[in-house]
$ cat structure.cif   # mmCIF, N, CA and C atoms
data_run
loop_
_atom_site.group_PDB
_atom_site.id
_atom_site.type_symbol
_atom_site.label_atom_id
_atom_site.label_comp_id
_atom_site.auth_asym_id
_atom_site.auth_seq_id
_atom_site.Cartn_x
_atom_site.Cartn_y
_atom_site.Cartn_z
ATOM 1 N N MET B 1 142.960 149.105 124.694
ATOM 2 C CA MET B 1 142.367 148.518 125.879
ATOM 3 C C MET B 1 141.567 149.572 126.631
ATOM 4 N N ILE B 2 140.455 149.150 127.152
ATOM 5 C CA ILE B 2 139.638 150.026 127.993
ATOM 6 C C ILE B 2 140.118 149.838 129.423
ATOM 7 N N SER B 3 140.518 150.918 130.083
ATOM 8 C CA SER B 3 141.029 150.792 131.446
ATOM 9 C C SER B 3 140.188 151.539 132.472
ATOM 10 N N LEU B 4 139.286 152.420 132.018
ATOM 11 C CA LEU B 4 138.455 153.181 132.951
ATOM 12 C C LEU B 4 137.181 153.590 132.234
ATOM 13 N N LEU B 5 136.055 153.484 132.928
ATOM 14 C CA LEU B 5 134.787 153.976 132.403
ATOM 15 C C LEU B 5 134.175 154.924 133.421
ATOM 16 N N GLN B 6 133.697 156.057 132.931
ATOM 17 C CA GLN B 6 133.003 157.013 133.784
ATOM 18 C C GLN B 6 131.712 157.377 133.068
ATOM 19 N N GLY B 7 130.584 157.094 133.706
ATOM 20 C CA GLY B 7 129.321 157.369 133.053
ATOM 21 C C GLY B 7 128.144 157.109 133.968
ATOM 22 N N THR B 8 126.997 156.865 133.351
ATOM 23 C CA THR B 8 125.739 156.674 134.057
ATOM 24 C C THR B 8 125.362 155.205 134.060
ATOM 25 N N ILE B 9 124.924 154.721 135.210
ATOM 26 C CA ILE B 9 124.429 153.342 135.286
ATOM 27 C C ILE B 9 123.082 153.300 134.582
ATOM 28 N N TYR B 10 123.008 152.515 133.510
ATOM 29 C CA TYR B 10 121.801 152.419 132.703
ATOM 30 C C TYR B 10 120.937 151.235 133.118
ATOM 31 N N ASP B 11 121.599 150.116 133.472
ATOM 32 C CA ASP B 11 120.870 148.897 133.813
ATOM 33 C C ASP B 11 121.743 147.991 134.656
ATOM 34 N N VAL B 12 121.115 147.263 135.581
ATOM 35 C CA VAL B 12 121.819 146.259 136.387
ATOM 36 C C VAL B 12 120.986 144.981 136.370
ATOM 37 N N ARG B 13 121.634 143.889 135.962
ATOM 38 C CA ARG B 13 120.973 142.580 135.954
ATOM 39 C C ARG B 13 121.950 141.559 136.508
ATOM 40 N N GLY B 14 121.732 141.191 137.761
ATOM 41 C CA GLY B 14 122.645 140.258 138.419
ATOM 42 C C GLY B 14 124.012 140.885 138.557
ATOM 43 N N ASN B 15 125.012 140.233 137.989
ATOM 44 C CA ASN B 15 126.379 140.763 138.087
ATOM 45 C C ASN B 15 126.798 141.504 136.810
ATOM 46 N N LEU B 16 125.833 141.840 135.954
ATOM 47 C CA LEU B 16 126.118 142.619 134.750
ATOM 48 C C LEU B 16 125.534 144.023 134.885
ATOM 49 N N MET B 17 126.354 145.002 134.618
ATOM 50 C CA MET B 17 125.951 146.392 134.714
ATOM 51 C C MET B 17 126.207 147.055 133.363
ATOM 52 N N THR B 18 125.231 147.790 132.855
ATOM 53 C CA THR B 18 125.421 148.546 131.631
ATOM 54 C C THR B 18 125.710 149.991 132.003
ATOM 55 N N ILE B 19 126.865 150.484 131.570
ATOM 56 C CA ILE B 19 127.292 151.851 131.842
ATOM 57 C C ILE B 19 127.167 152.642 130.542
ATOM 58 N N LEU B 20 126.412 153.722 130.579
ATOM 59 C CA LEU B 20 126.234 154.573 129.414
ATOM 60 C C LEU B 20 127.291 155.665 129.420
ATOM 61 N N VAL B 21 128.144 155.659 128.393
ATOM 62 C CA VAL B 21 129.245 156.604 128.262
ATOM 63 C C VAL B 21 129.175 157.226 126.870
ATOM 64 N N GLY B 22 128.846 158.498 126.812
ATOM 65 C CA GLY B 22 128.808 159.186 125.527
ATOM 66 C C GLY B 22 127.874 158.556 124.515
ATOM 67 N N GLY B 23 126.751 158.050 124.961
ATOM 68 C CA GLY B 23 125.779 157.453 124.060
ATOM 69 C C GLY B 23 126.021 155.989 123.728
ATOM 70 N N VAL B 24 127.068 155.393 124.299
ATOM 71 C CA VAL B 24 127.391 153.981 124.063
ATOM 72 C C VAL B 24 127.247 153.225 125.380
ATOM 73 N N GLY B 25 126.550 152.094 125.360
ATOM 74 C CA GLY B 25 126.385 151.281 126.553
ATOM 75 C C GLY B 25 127.420 150.176 126.613
ATOM 76 N N TYR B 26 128.181 150.144 127.692
ATOM 77 C CA TYR B 26 129.202 149.113 127.899
ATOM 78 C C TYR B 26 128.686 148.128 128.936
ATOM 79 N N GLN B 27 128.674 146.835 128.590
ATOM 80 C CA GLN B 27 128.277 145.806 129.533
ATOM 81 C C GLN B 27 129.505 145.393 130.331
ATOM 82 N N VAL B 28 129.414 145.525 131.659
ATOM 83 C CA VAL B 28 130.553 145.281 132.540
ATOM 84 C C VAL B 28 130.176 144.229 133.582
ATOM 85 N N HIS B 29 131.030 143.232 133.746
ATOM 86 C CA HIS B 29 130.862 142.251 134.824
ATOM 87 C C HIS B 29 131.355 142.890 136.120
ATOM 88 N N VAL B 30 130.530 142.836 137.156
ATOM 89 C CA VAL B 30 130.903 143.396 138.456
ATOM 90 C C VAL B 30 130.562 142.392 139.550
ATOM 91 N N SER B 31 131.181 142.552 140.701
ATOM 92 C CA SER B 31 130.919 141.664 141.828
ATOM 93 C C SER B 31 129.641 142.093 142.556
ATOM 94 N N PRO B 32 129.041 141.185 143.326
ATOM 95 C CA PRO B 32 127.885 141.569 144.152
ATOM 96 C C PRO B 32 128.230 142.721 145.102
ATOM 97 N N TYR B 33 129.466 142.761 145.588
ATOM 98 C CA TYR B 33 129.924 143.858 146.449
ATOM 99 C C TYR B 33 129.798 145.195 145.725
ATOM 100 N N THR B 34 130.246 145.237 144.481
ATOM 101 C CA THR B 34 130.198 146.467 143.690
ATOM 102 C C THR B 34 128.753 146.877 143.421
ATOM 103 N N VAL B 35 127.913 145.922 143.070
ATOM 104 C CA VAL B 35 126.496 146.218 142.839
ATOM 105 C C VAL B 35 125.880 146.820 144.102
ATOM 106 N N GLY B 36 126.175 146.235 145.245
ATOM 107 C CA GLY B 36 125.641 146.734 146.516
ATOM 108 C C GLY B 36 126.088 148.146 146.835
ATOM 109 N N LYS B 37 127.341 148.454 146.539
ATOM 110 C CA LYS B 37 127.870 149.796 146.816
ATOM 111 C C LYS B 37 127.282 150.846 145.882
ATOM 112 N N LEU B 38 126.848 150.443 144.700
ATOM 113 C CA LEU B 38 126.385 151.403 143.692
ATOM 114 C C LEU B 38 124.878 151.406 143.486
ATOM 115 N N ILE B 39 124.142 150.666 144.297
ATOM 116 C CA ILE B 39 122.706 150.488 144.078
ATOM 117 C C ILE B 39 121.944 151.811 144.064
ATOM 118 N N ASP B 40 122.339 152.795 144.843
ATOM 119 C CA ASP B 40 121.642 154.087 144.896
ATOM 120 C C ASP B 40 122.399 155.182 144.157
ATOM 121 N N THR B 41 123.320 154.812 143.286
ATOM 122 C CA THR B 41 124.166 155.765 142.576
ATOM 123 C C THR B 41 123.790 155.796 141.104
ATOM 124 N N LYS B 42 123.853 156.972 140.501
ATOM 125 C CA LYS B 42 123.590 157.075 139.061
ATOM 126 C C LYS B 42 124.882 157.218 138.272
ATOM 127 N N GLU B 43 125.793 158.041 138.756
ATOM 128 C CA GLU B 43 127.078 158.243 138.083
ATOM 129 C C GLU B 43 128.120 157.328 138.710
ATOM 130 N N VAL B 44 128.993 156.772 137.876
ATOM 131 C CA VAL B 44 129.968 155.808 138.379
ATOM 132 C C VAL B 44 131.287 155.947 137.621
ATOM 133 N N THR B 45 132.362 155.641 138.320
ATOM 134 C CA THR B 45 133.677 155.494 137.707
ATOM 135 C C THR B 45 134.191 154.125 138.103
ATOM 136 N N LEU B 46 134.513 153.310 137.104
ATOM 137 C CA LEU B 46 135.011 151.960 137.359
ATOM 138 C C LEU B 46 136.351 151.757 136.676
ATOM 139 N N TYR B 47 137.271 151.122 137.403
ATOM 140 C CA TYR B 47 138.510 150.652 136.792
ATOM 141 C C TYR B 47 138.149 149.389 136.030
ATOM 142 N N ILE B 48 138.646 149.245 134.823
ATOM 143 C CA ILE B 48 138.234 148.160 133.947
ATOM 144 C C ILE B 48 139.402 147.240 133.610
ATOM 145 N N TYR B 49 139.129 145.947 133.717
ATOM 146 C CA TYR B 49 140.028 144.925 133.185
ATOM 147 C C TYR B 49 139.377 144.421 131.899
ATOM 148 N N THR B 50 140.069 144.529 130.790
ATOM 149 C CA THR B 50 139.553 144.091 129.497
ATOM 150 C C THR B 50 140.112 142.707 129.178
ATOM 151 N N HIS B 51 139.211 141.744 129.014
ATOM 152 C CA HIS B 51 139.599 140.365 128.714
ATOM 153 C C HIS B 51 139.218 140.065 127.272
ATOM 154 N N VAL B 52 140.218 139.790 126.438
ATOM 155 C CA VAL B 52 139.988 139.535 125.016
ATOM 156 C C VAL B 52 140.271 138.067 124.713
ATOM 157 N N ARG B 53 139.286 137.427 124.085
ATOM 158 C CA ARG B 53 139.445 136.055 123.619
ATOM 159 C C ARG B 53 139.072 136.006 122.152
ATOM 160 N N GLU B 54 139.301 134.894 121.549
ATOM 161 C CA GLU B 54 138.971 134.740 120.136
ATOM 162 C C GLU B 54 137.492 134.972 119.867
ATOM 163 N N ASP B 55 136.644 134.549 120.808
ATOM 164 C CA ASP B 55 135.202 134.620 120.599
ATOM 165 C C ASP B 55 134.487 135.638 121.491
ATOM 166 N N ALA B 56 135.228 136.446 122.255
ATOM 167 C CA ALA B 56 134.566 137.381 123.161
ATOM 168 C C ALA B 56 135.490 138.512 123.595
ATOM 169 N N LEU B 57 134.875 139.624 123.935
ATOM 170 C CA LEU B 57 135.570 140.743 124.574
ATOM 171 C C LEU B 57 134.747 141.067 125.815
ATOM 172 N N GLN B 58 135.331 140.871 127.001
ATOM 173 C CA GLN B 58 134.600 141.058 128.245
ATOM 174 C C GLN B 58 135.269 142.138 129.078
ATOM 175 N N LEU B 59 134.424 142.933 129.745
ATOM 176 C CA LEU B 59 134.914 143.980 130.634
ATOM 177 C C LEU B 59 134.542 143.620 132.065
ATOM 178 N N TYR B 60 135.505 143.771 132.976
ATOM 179 C CA TYR B 60 135.283 143.543 134.397
ATOM 180 C C TYR B 60 135.539 144.861 135.114
ATOM 181 N N GLY B 61 134.588 145.295 135.951
ATOM 182 C CA GLY B 61 134.689 146.598 136.596
ATOM 183 C C GLY B 61 134.938 146.511 138.088
ATOM 184 N N PHE B 62 135.733 147.472 138.585
ATOM 185 C CA PHE B 62 136.121 147.513 139.997
ATOM 186 C C PHE B 62 136.053 148.946 140.509
ATOM 187 N N LEU B 63 135.596 149.108 141.737
ATOM 188 C CA LEU B 63 135.510 150.440 142.342
ATOM 189 C C LEU B 63 136.876 151.000 142.705
ATOM 190 N N GLU B 64 137.786 150.129 143.099
ATOM 191 C CA GLU B 64 139.111 150.568 143.549
ATOM 192 C C GLU B 64 140.196 149.882 142.727
ATOM 193 N N LEU B 65 141.274 150.595 142.509
ATOM 194 C CA LEU B 65 142.392 150.060 141.740
ATOM 195 C C LEU B 65 142.978 148.815 142.397
ATOM 196 N N ALA B 66 142.992 148.790 143.725
ATOM 197 C CA ALA B 66 143.524 147.635 144.444
ATOM 198 C C ALA B 66 142.713 146.365 144.141
ATOM 199 N N GLU B 67 141.401 146.499 143.991
ATOM 200 C CA GLU B 67 140.546 145.360 143.635
ATOM 201 C C GLU B 67 140.931 144.815 142.258
ATOM 202 N N LYS B 68 141.123 145.720 141.317
ATOM 203 C CA LYS B 68 141.514 145.318 139.962
ATOM 204 C C LYS B 68 142.873 144.620 139.961
ATOM 205 N N GLU B 69 143.814 145.162 140.700
ATOM 206 C CA GLU B 69 145.146 144.562 140.754
ATOM 207 C C GLU B 69 145.105 143.169 141.374
ATOM 208 N N MET B 70 144.273 142.976 142.391
ATOM 209 C CA MET B 70 144.129 141.648 143.000
ATOM 210 C C MET B 70 143.502 140.673 142.000
ATOM 211 N N PHE B 71 142.517 141.122 141.267
ATOM 212 C CA PHE B 71 141.875 140.306 140.242
ATOM 213 C C PHE B 71 142.904 139.856 139.187
ATOM 214 N N GLU B 72 143.764 140.772 138.777
ATOM 215 C CA GLU B 72 144.782 140.448 137.779
ATOM 216 C C GLU B 72 145.789 139.430 138.315
ATOM 217 N N LEU B 73 146.073 139.479 139.608
ATOM 218 C CA LEU B 73 146.993 138.513 140.205
ATOM 219 C C LEU B 73 146.400 137.103 140.236
ATOM 220 N N LEU B 74 145.090 137.046 140.409
ATOM 221 C CA LEU B 74 144.425 135.737 140.466
ATOM 222 C C LEU B 74 144.349 135.142 139.085
#

$ encode --input "structure.cif" --output "structure tokens"
Amino acid sequence: MISLLQGTIYDVRGNLMTILVGGVGYQVHVSPYTVGKLIDTKEVTLYIYTHVREDALQLYGFLELAEKEMFELL
């Protein structure tokens, strides 16, 4: 499981952010709040919730651990 990503923001499109980590781009779902906080930032560290389904693997990113824990409770 991926639990943390630290890297460079490569692209932002709506609520999807591509984080470049060691030459690999990870597509991460983020909230509008997170996008707003990181709009002028190049380097980022996000706590990651990894959601695995039969047909998809999705990553959800959060600036604070408390945000991630609340998301998991919902």

$ residues_around --input "structure.cif" --residues "His51 of chain B" --least-positions-apart "2" --cutoff "12 Å" --atoms "only C-alpha atoms" --output "number ranges by chain"
B: 1-3, 28-29, 48-49, 53-61, 71-72

$ atom_distance --input "structure.cif" --atom1 "atom CA of Gly36 of chain B" --atom2 "atom CA of Val52 of chain B"
26.8 Å

$ closest_residue --input "structure.cif" --among "B:Leu74, B:Val35, B:Leu4, B:Val44" --to "Leu20 of chain B" --atoms "only C-alpha atoms"
B:Val44

$ axis_aligned_box --input "structure.cif" --around "segment 27-38 of chain B" --padding-each-side "3 Å" --output "AutoDock Vina command-line options"
--center_x 128.1 --center_y 146.3 --center_z 137.7 --size_x 12.5 --size_y 16.2 --size_z 24.2

$ resolve_selection --input "structure.cif" --expression "the PyMOL selection byres (((chain B and resi 16-19 and name CA) around 12) and name CA)" --output "VMD selection string"
chain B and resid 4 to 15 20 to 32 34 to 36 38 to 39 41 to 46 48 58 to 62

$ write_last_selection --input "structure.cif" --atoms "N, CA and C atoms" --output "compact mmCIF listing (two decimals), keeping the file's coordinate frame"
# COMPACT_ATOMS: atom_id res chain seq x y z
N LEU B 4 139.29 152.42 132.02
CA LEU B 4 138.46 153.18 132.95
C LEU B 4 137.18 153.59 132.23
N LEU B 5 136.06 153.48 132.93
CA LEU B 5 134.79 153.98 132.40
C LEU B 5 134.18 154.92 133.42
N GLN B 6 133.70 156.06 132.93
CA GLN B 6 133.00 157.01 133.78
C GLN B 6 131.71 157.38 133.07
N GLY B 7 130.58 157.09 133.71
CA GLY B 7 129.32 157.37 133.05
C GLY B 7 128.14 157.11 133.97
N THR B 8 127.00 156.86 133.35
CA THR B 8 125.74 156.67 134.06
C THR B 8 125.36 155.21 134.06
N ILE B 9 124.92 154.72 135.21
CA ILE B 9 124.43 153.34 135.29
C ILE B 9 123.08 153.30 134.58
N TYR B 10 123.01 152.51 133.51
CA TYR B 10 121.80 152.42 132.70
C TYR B 10 120.94 151.24 133.12
N ASP B 11 121.60 150.12 133.47
CA ASP B 11 120.87 148.90 133.81
C ASP B 11 121.74 147.99 134.66
N VAL B 12 121.12 147.26 135.58
CA VAL B 12 121.82 146.26 136.39
C VAL B 12 120.99 144.98 136.37
N ARG B 13 121.63 143.89 135.96
CA ARG B 13 120.97 142.58 135.95
C ARG B 13 121.95 141.56 136.51
N GLY B 14 121.73 141.19 137.76
CA GLY B 14 122.64 140.26 138.42
C GLY B 14 124.01 140.88 138.56
N ASN B 15 125.01 140.23 137.99
CA ASN B 15 126.38 140.76 138.09
C ASN B 15 126.80 141.50 136.81
N LEU B 20 126.41 153.72 130.58
CA LEU B 20 126.23 154.57 129.41
C LEU B 20 127.29 155.66 129.42
N VAL B 21 128.14 155.66 128.39
CA VAL B 21 129.24 156.60 128.26
C VAL B 21 129.18 157.23 126.87
N GLY B 22 128.85 158.50 126.81
CA GLY B 22 128.81 159.19 125.53
C GLY B 22 127.87 158.56 124.52
N GLY B 23 126.75 158.05 124.96
CA GLY B 23 125.78 157.45 124.06
C GLY B 23 126.02 155.99 123.73
N VAL B 24 127.07 155.39 124.30
CA VAL B 24 127.39 153.98 124.06
C VAL B 24 127.25 153.22 125.38
N GLY B 25 126.55 152.09 125.36
CA GLY B 25 126.38 151.28 126.55
C GLY B 25 127.42 150.18 126.61
N TYR B 26 128.18 150.14 127.69
CA TYR B 26 129.20 149.11 127.90
C TYR B 26 128.69 148.13 128.94
N GLN B 27 128.67 146.84 128.59
CA GLN B 27 128.28 145.81 129.53
C GLN B 27 129.50 145.39 130.33
N VAL B 28 129.41 145.52 131.66
CA VAL B 28 130.55 145.28 132.54
C VAL B 28 130.18 144.23 133.58
N HIS B 29 131.03 143.23 133.75
CA HIS B 29 130.86 142.25 134.82
C HIS B 29 131.35 142.89 136.12
N VAL B 30 130.53 142.84 137.16
CA VAL B 30 130.90 143.40 138.46
C VAL B 30 130.56 142.39 139.55
N SER B 31 131.18 142.55 140.70
CA SER B 31 130.92 141.66 141.83
C SER B 31 129.64 142.09 142.56
N PRO B 32 129.04 141.18 143.33
CA PRO B 32 127.88 141.57 144.15
C PRO B 32 128.23 142.72 145.10
N THR B 34 130.25 145.24 144.48
CA THR B 34 130.20 146.47 143.69
C THR B 34 128.75 146.88 143.42
N VAL B 35 127.91 145.92 143.07
CA VAL B 35 126.50 146.22 142.84
C VAL B 35 125.88 146.82 144.10
N GLY B 36 126.18 146.24 145.24
CA GLY B 36 125.64 146.73 146.52
C GLY B 36 126.09 148.15 146.84
N LEU B 38 126.85 150.44 144.70
CA LEU B 38 126.38 151.40 143.69
C LEU B 38 124.88 151.41 143.49
N ILE B 39 124.14 150.67 144.30
CA ILE B 39 122.71 150.49 144.08
C ILE B 39 121.94 151.81 144.06
N THR B 41 123.32 154.81 143.29
CA THR B 41 124.17 155.76 142.58
C THR B 41 123.79 155.80 141.10
N LYS B 42 123.85 156.97 140.50
CA LYS B 42 123.59 157.07 139.06
C LYS B 42 124.88 157.22 138.27
N GLU B 43 125.79 158.04 138.76
CA GLU B 43 127.08 158.24 138.08
C GLU B 43 128.12 157.33 138.71
N VAL B 44 128.99 156.77 137.88
CA VAL B 44 129.97 155.81 138.38
C VAL B 44 131.29 155.95 137.62
N THR B 45 132.36 155.64 138.32
CA THR B 45 133.68 155.49 137.71
C THR B 45 134.19 154.12 138.10
N LEU B 46 134.51 153.31 137.10
CA LEU B 46 135.01 151.96 137.36
C LEU B 46 136.35 151.76 136.68
N ILE B 48 138.65 149.24 134.82
CA ILE B 48 138.23 148.16 133.95
C ILE B 48 139.40 147.24 133.61
N GLN B 58 135.33 140.87 127.00
CA GLN B 58 134.60 141.06 128.24
C GLN B 58 135.27 142.14 129.08
N LEU B 59 134.42 142.93 129.74
CA LEU B 59 134.91 143.98 130.63
C LEU B 59 134.54 143.62 132.06
N TYR B 60 135.50 143.77 132.98
CA TYR B 60 135.28 143.54 134.40
C TYR B 60 135.54 144.86 135.11
N GLY B 61 134.59 145.29 135.95
CA GLY B 61 134.69 146.60 136.60
C GLY B 61 134.94 146.51 138.09
N PHE B 62 135.73 147.47 138.58
CA PHE B 62 136.12 147.51 140.00
C PHE B 62 136.05 148.95 140.51

$ atom_distance --input "structure.cif" --atom1 "atom CA of Met70 of chain B" --atom2 "atom N of Lys37 of chain B"
18.5 Å

$ atom_distance --input "structure.cif" --atom1 "atom C of Asp40 of chain B" --atom2 "atom C of Leu65 of chain B"
21.6 Å

$ select_by_dssp --input "structure.cif" --residues "chain B" --states "helix (DSSP H, G or I)" --output "ChimeraX atom specification"
/B:32-38,65-73

$ select_by_dssp --input "structure.cif" --residues "chain B" --states "strand (DSSP E)" --output "VMD selection string"
chain B and resid 4 to 13 16 to 21 24 to 29 43 to 53 56 to 62

$ decode --input "structure.cif" --residues "segment 31-41 of chain B" --atoms "all heavy atoms" --output "compact mmCIF listing (two decimals), in the first residue's frame"
# COMPACT_ATOMS: atom_id res chain seq x y z
N SER B 31 -8.73 17.23 -2.74
CA SER B 31 -9.86 18.12 -2.58
C SER B 31 -9.53 19.51 -3.13
O SER B 31 -8.36 19.87 -3.27
CB SER B 31 -10.22 18.24 -1.09
OG SER B 31 -9.20 18.96 -0.41
N PRO B 32 -10.55 20.31 -3.43
CA PRO B 32 -10.30 21.70 -3.85
C PRO B 32 -9.50 22.47 -2.78
O PRO B 32 -8.68 23.33 -3.12
CB PRO B 32 -11.71 22.29 -4.02
CG PRO B 32 -12.56 21.11 -4.32
CD PRO B 32 -11.98 19.97 -3.52
N TYR B 33 -9.73 22.16 -1.51
CA TYR B 33 -8.97 22.78 -0.42
C TYR B 33 -7.48 22.51 -0.58
O TYR B 33 -6.65 23.41 -0.48
CB TYR B 33 -9.47 22.25 0.93
CG TYR B 33 -8.59 22.61 2.10
CD1 TYR B 33 -8.66 23.88 2.67
CD2 TYR B 33 -7.70 21.69 2.63
CE1 TYR B 33 -7.85 24.22 3.75
CE2 TYR B 33 -6.89 22.01 3.70
CZ TYR B 33 -6.97 23.28 4.26
OH TYR B 33 -6.16 23.61 5.32
N THR B 34 -7.13 21.26 -0.86
CA THR B 34 -5.73 20.87 -1.02
C THR B 34 -5.12 21.55 -2.24
O THR B 34 -4.01 22.07 -2.17
CB THR B 34 -5.61 19.34 -1.13
OG1 THR B 34 -6.12 18.76 0.08
CG2 THR B 34 -4.16 18.92 -1.31
N VAL B 35 -5.85 21.58 -3.34
CA VAL B 35 -5.35 22.26 -4.54
C VAL B 35 -5.07 23.73 -4.23
O VAL B 35 -4.03 24.26 -4.60
CB VAL B 35 -6.35 22.13 -5.71
CG1 VAL B 35 -5.93 23.01 -6.89
CG2 VAL B 35 -6.48 20.69 -6.15
N GLY B 36 -5.98 24.38 -3.53
CA GLY B 36 -5.81 25.79 -3.18
C GLY B 36 -4.60 26.04 -2.30
O GLY B 36 -3.89 27.04 -2.47
N LYS B 37 -4.35 25.14 -1.36
CA LYS B 37 -3.20 25.29 -0.46
C LYS B 37 -1.87 25.06 -1.18
O LYS B 37 -0.84 25.58 -0.77
CB LYS B 37 -3.30 24.32 0.72
CG LYS B 37 -4.45 24.60 1.65
CD LYS B 37 -4.24 25.85 2.45
CE LYS B 37 -3.61 25.49 3.76
NZ LYS B 37 -3.45 26.63 4.65
N LEU B 38 -1.88 24.29 -2.25
CA LEU B 38 -0.63 23.92 -2.93
C LEU B 38 -0.42 24.61 -4.27
O LEU B 38 0.55 24.31 -4.97
CB LEU B 38 -0.62 22.40 -3.16
CG LEU B 38 -0.66 21.54 -1.91
CD1 LEU B 38 -0.77 20.06 -2.29
CD2 LEU B 38 0.58 21.77 -1.06
N ILE B 39 -1.28 25.55 -4.62
CA ILE B 39 -1.24 26.17 -5.95
C ILE B 39 0.10 26.82 -6.25
O ILE B 39 0.56 26.81 -7.39
CB ILE B 39 -2.42 27.15 -6.14
CG1 ILE B 39 -2.66 27.41 -7.62
CG2 ILE B 39 -2.20 28.44 -5.39
CD1 ILE B 39 -3.25 26.26 -8.36
N ASP B 40 0.78 27.40 -5.28
CA ASP B 40 2.07 28.06 -5.51
C ASP B 40 3.25 27.23 -5.02
O ASP B 40 4.34 27.76 -4.82
CB ASP B 40 2.08 29.43 -4.82
CG ASP B 40 1.07 30.39 -5.43
OD1 ASP B 40 0.87 30.31 -6.66
OD2 ASP B 40 0.48 31.19 -4.69
N THR B 41 3.04 25.94 -4.82
CA THR B 41 4.07 25.06 -4.27
C THR B 41 4.55 24.10 -5.35
O THR B 41 3.77 23.64 -6.17
CB THR B 41 3.47 24.24 -3.09
OG1 THR B 41 2.89 25.14 -2.16
CG2 THR B 41 4.53 23.42 -2.41
